[in-house]
Amino acid sequence: MRLDDNAEKIIRRLESAGFEAYAVGGCVRDALMGIEPEDWDITTSARPEEVKLLFSHTFDTGIEHGTVTVLMGRAGYEVTTYRLDGKYSDHRRPDHVEYTASLYEDVARRDFTINSMAYHPDRGLVDYFGGRRDLEKKVIRCVGDPEKRFNEDALRMLRAVRFAGRLGFSIDPATREAAIKLAPTLLKVSRERVQEELTKMLTGSHPQKISMLKDLNLFDYLIPHPEDLSLADMEAPGKVEPVKALRFAAFLYPGGPDKCRKVLKELKFDNDTIKAAVLWTTHINDPIPEDEAAMRRLMLAVGKEAVPGLIQLFYAAGRVGSGQKAKLDGLYRSQKDAPIAVIELAVDGDDLIGAGIPKGKEVGRVLAYLQQKVVEDPALNTKERLIGAAKDHFFSAPLSDMV
Ligand code: ATP
Ligand code: MG
């Protein structure tokens with residue numbers, strides 16, 4: 001396998017100072033499979049303070065867990081001291097960590113054989129647990145006794161499904177049985193960690209593999225009220241772009257917007273993600289626009305930026321076929337610069353006040369009226385025509401009609 005140049009530099013620098021260092025974990029797994037790793041992690045016998053002395057640009061990204069990020073050019077490399085993990089409780093990371101002088105102990109704490117390999121530019125692959133064989137056999141297998149490993153950290157059950165789905169691997173029978181047996185302990189894991197795993201599953205290249213959670217009995221323990229997830233669509237996420245909120249909207253839309261909000265809240269998602277996903281699930285049954293004006297009405301209803309995602313959801317939910325989707329995309333492109341928002345109108349509140357509309361809430365009402373008119377007919381969007389329309393509307397309609 002080929003080691004990243006910067007990772008090799010870091011390893012050699014650490015070793016020339018008398019420490020051991022290896023590339024480890026996911027990057028070794030990916031590189032052996034011929035996949036370009038997203039990031040290269042380094043494990044070393046050096047302590048964080050010692051790592052920091054050896055490199056000019058470092059960040060304390062997880063110093064309490066022994067991790068220092070070394071900056072090489074613009075890329076960051078996580079350099080972590082060999083460690084044993086303390087017990088994981090409800091947190092994202094183990095409660096406490098204990099350093100060790102042994103690479104073996106460091107890799108023995110890792111979850112799966114394929115994630116437990118280390119690589120050194122001179123000494124080659126270090127594979128204590130048969131990771132290479134399991135890569136060839138395409139199996140996800142725990143390092144050591146699966147029940148013990150899942151008891152230490154129940155999140156590993158979700159990780160097993162995520163890796164199996166992403167790599168197209170099967171789960172070794174003993175590992176699988178342990179997950180089925182211990183599935184309820186998933187409720188002990190913090191929802192933030194569950195959120196992160198589900199996000200990785202759903203934003204990856206095979207989101208439909210999230211259905212494997214059902215086979216392992218894990219699906220019922222993702223949130224405290226699993227019935228809210230009962231209508232989830234496993235196929236739809238793969239039909240929309242890998243944008244987090246959009247993939248979750250595609251996953252959750254069959255239950256409706258309220259369930260979508262509830263599930264995402266239970267998973268402790270941030271407000272922006274919840275807002276975006278709920279907006280999409282709210283509008284997934286809106287009329288499919290047939291012409292330009294209808295497209296502009298949709299843009300007004302959901303906001304311009306949300307329309308491309310909504311079109312994907314129409315398709316993912318089976319409301320339109322691929323031909324009709326392409327037509328909708330075309331309609332959107334033709335209208336995306338049309339004035340829709342109040343801010344895009346050729347007049348603002350001051351213009352209206354100048355034209356005699358009384359200051360105060362009338363201005364807002366007239367602007368909303370003009371917005372509707374312009375959505376129907378963008379050619380109206382000149383200062384002159386809008387002021388005219390505003391005056392006609394305001395001075396012809398009795399005040400009581402405008403409330
Ligand atoms: P990805 O490509 O998704 O980042 P990865 O294997 O790099 O996959 P990370 O979550 O980045 O996964 O973790 C890096 C390494 O740390 C893993 O390869 C594994 O060796 C170890 N690891 C991560 N999480 C756990 C865990 N919960 N239990 C045991 N080992 C873990
Ligand atoms: Mg990683």
# chains A, B, ... in the order shown; residues from 1 in each chain; ligands from 1
call {"tool": "closest_atom_pairs", "arguments": {"of": "chain A", "to": "ligand 2", "cutoff": "10 Å", "atoms": "only C-alpha atoms and all ligand atoms", "output": "tab-separated table"}}
result
residue	atom	partner	partner_atom_place_in_ligand_line	distance
A:Val24	CA	ligand 2	1 (Mg)	9.9
A:Gly25	CA	ligand 2	1 (Mg)	7.7
A:Gly26	CA	ligand 2	1 (Mg)	5.5
A:Cys27	CA	ligand 2	1 (Mg)	7.1
A:Asp30	CA	ligand 2	1 (Mg)	9.9
A:Pro37	CA	ligand 2	1 (Mg)	8.3
A:Glu38	CA	ligand 2	1 (Mg)	7.0
A:Asp39	CA	ligand 2	1 (Mg)	6.2
A:Trp40	CA	ligand 2	1 (Mg)	7.7
A:Asp41	CA	ligand 2	1 (Mg)	7.5
A:Glu78	CA	ligand 2	1 (Mg)	9.7
A:Asn115	CA	ligand 2	1 (Mg)	9.8
call {"tool": "write_last_selection", "arguments": {"atoms": "N, CA and C atoms", "output": "short mmCIF file (atom, residue, chain, number, x, y, z; two decimals), in the first residue's frame"}}
result
data_model
loop_
_atom_site.label_atom_id
_atom_site.label_comp_id
_atom_site.auth_asym_id
_atom_site.auth_seq_id
_atom_site.Cartn_x
_atom_site.Cartn_y
_atom_site.Cartn_z
N VAL A 24 -2.56 4.30 11.20
CA VAL A 24 -3.38 3.30 11.87
C VAL A 24 -4.87 3.48 11.57
N GLY A 25 -5.59 2.37 11.65
CA GLY A 25 -7.06 2.46 11.61
C GLY A 25 -7.62 2.58 10.20
N GLY A 26 -8.63 3.45 10.09
CA GLY A 26 -9.39 3.57 8.84
C GLY A 26 -8.52 3.85 7.61
N CYS A 27 -7.44 4.64 7.79
CA CYS A 27 -6.63 4.97 6.60
C CYS A 27 -5.90 3.75 6.06
N ASP A 30 -8.56 1.62 4.29
CA ASP A 30 -8.93 2.17 2.99
C ASP A 30 -7.80 2.01 1.98
N PRO A 37 -7.75 7.36 1.39
CA PRO A 37 -8.30 7.69 2.71
C PRO A 37 -8.64 9.17 2.83
N GLU A 38 -9.71 9.45 3.56
CA GLU A 38 -10.10 10.85 3.78
C GLU A 38 -9.09 11.56 4.67
N ASP A 39 -8.66 10.84 5.71
CA ASP A 39 -7.61 11.41 6.54
C ASP A 39 -6.72 10.29 7.07
N TRP A 40 -5.48 10.69 7.35
CA TRP A 40 -4.49 9.72 7.82
C TRP A 40 -4.28 9.94 9.31
N ASP A 41 -4.54 8.89 10.08
CA ASP A 41 -4.34 9.00 11.53
C ASP A 41 -3.04 8.31 11.89
N GLU A 78 -4.11 13.77 12.57
CA GLU A 78 -4.30 13.49 13.99
C GLU A 78 -3.24 12.51 14.46
N ASN A 115 -10.18 -2.43 11.16
CA ASN A 115 -9.81 -1.09 11.66
C ASN A 115 -8.63 -1.16 12.63
#
call {"tool": "closest_atom_pairs", "arguments": {"of": "chain A", "to": "ligand 1", "cutoff": "10 Å", "atoms": "only C-alpha atoms and all ligand atoms", "output": "Markdown table"}}
result
| residue | atom | partner | partner_atom_place_in_ligand_line | distance |
| --- | --- | --- | --- | --- |
| A:Val24 | CA | ligand 1 | 20 (O) | 7.1 |
| A:Gly25 | CA | ligand 1 | 18 (O) | 3.6 |
| A:Gly26 | CA | ligand 1 | 6 (O) | 3.3 |
| A:Cys27 | CA | ligand 1 | 7 (O) | 6.2 |
| A:Val28 | CA | ligand 1 | 18 (O) | 8.4 |
| A:Arg29 | CA | ligand 1 | 6 (O) | 7.5 |
| A:Asp30 | CA | ligand 1 | 2 (O) | 7.7 |
| A:Pro37 | CA | ligand 1 | 2 (O) | 7.1 |
| A:Glu38 | CA | ligand 1 | 2 (O) | 6.6 |
| A:Asp39 | CA | ligand 1 | 7 (O) | 7.4 |
| A:Trp40 | CA | ligand 1 | 7 (O) | 8.2 |
| A:Asp41 | CA | ligand 1 | 14 (C) | 7.4 |
| A:Ile42 | CA | ligand 1 | 14 (C) | 10.0 |
| A:Glu78 | CA | ligand 1 | 14 (C) | 9.9 |
| A:Asp85 | CA | ligand 1 | 29 (C) | 8.6 |
| A:Tyr88 | CA | ligand 1 | 27 (N) | 8.6 |
| A:Arg92 | CA | ligand 1 | 27 (N) | 8.5 |
| A:Arg93 | CA | ligand 1 | 27 (N) | 7.7 |
| A:Pro94 | CA | ligand 1 | 27 (N) | 8.7 |
| A:Asp106 | CA | ligand 1 | 20 (O) | 9.1 |
| A:Val107 | CA | ligand 1 | 20 (O) | 7.0 |
| A:Ala108 | CA | ligand 1 | 30 (N) | 8.8 |
| A:Arg109 | CA | ligand 1 | 29 (C) | 5.9 |
| A:Arg110 | CA | ligand 1 | 30 (N) | 3.5 |
| A:Asp111 | CA | ligand 1 | 29 (C) | 3.7 |
| A:Phe112 | CA | ligand 1 | 20 (O) | 7.0 |
| A:Thr113 | CA | ligand 1 | 20 (O) | 8.4 |
| A:Ile114 | CA | ligand 1 | 18 (O) | 7.8 |
| A:Asn115 | CA | ligand 1 | 18 (O) | 4.1 |
| A:Ser116 | CA | ligand 1 | 20 (O) | 5.2 |
| A:Met117 | CA | ligand 1 | 20 (O) | 7.9 |
| A:Ala118 | CA | ligand 1 | 20 (O) | 9.4 |
| A:Cys142 | CA | ligand 1 | 29 (C) | 9.3 |
| A:Val143 | CA | ligand 1 | 29 (C) | 9.0 |
| A:Arg149 | CA | ligand 1 | 28 (N) | 8.1 |
| A:Phe150 | CA | ligand 1 | 28 (N) | 8.8 |
| A:Glu152 | CA | ligand 1 | 28 (N) | 8.5 |
| A:Asp153 | CA | ligand 1 | 27 (N) | 6.3 |
| A:Ala154 | CA | ligand 1 | 27 (N) | 8.1 |
| A:Leu155 | CA | ligand 1 | 27 (N) | 6.1 |
| A:Arg156 | CA | ligand 1 | 27 (N) | 5.3 |
| A:Met157 | CA | ligand 1 | 27 (N) | 9.0 |
| A:Leu158 | CA | ligand 1 | 27 (N) | 9.4 |
| A:Arg159 | CA | ligand 1 | 27 (N) | 7.5 |
| A:Ala160 | CA | ligand 1 | 27 (N) | 9.9 |
| A:Arg162 | CA | ligand 1 | 3 (O) | 8.3 |
| A:Phe163 | CA | ligand 1 | 3 (O) | 7.6 |
| A:Arg166 | CA | ligand 1 | 3 (O) | 9.1 |
| A:Arg193 | CA | ligand 1 | 27 (N) | 9.5 |
| A:Glu196 | CA | ligand 1 | 10 (O) | 9.8 |
| A:Glu197 | CA | ligand 1 | 3 (O) | 9.0 |
| A:Lys200 | CA | ligand 1 | 3 (O) | 7.3 |
| A:Met201 | CA | ligand 1 | 3 (O) | 9.3 |
| A:Gly204 | CA | ligand 1 | 3 (O) | 9.4 |
call {"tool": "closest_residue", "arguments": {"among": "A:Glu362, A:Leu352, A:Arg12, A:Glu344", "to": "Asn381 (chain A)", "atoms": "only C-alpha atoms"}}
result
A:Glu344
call {"tool": "closest_residue", "arguments": {"among": "A:Gly323, A:Pro289, A:Gly255, A:Pro207", "to": "Ser230 (chain A)", "atoms": "only C-alpha atoms"}}
result
A:Gly255
call {"tool": "residues_around", "arguments": {"residues": "Tyr315 (chain A)", "least_positions_apart": "5", "cutoff": "8 Å", "atoms": "only C-alpha atoms", "output": "list in words"}}
result
Lys239, Val320, Gly321, Ser322 and Lys325 of chain A
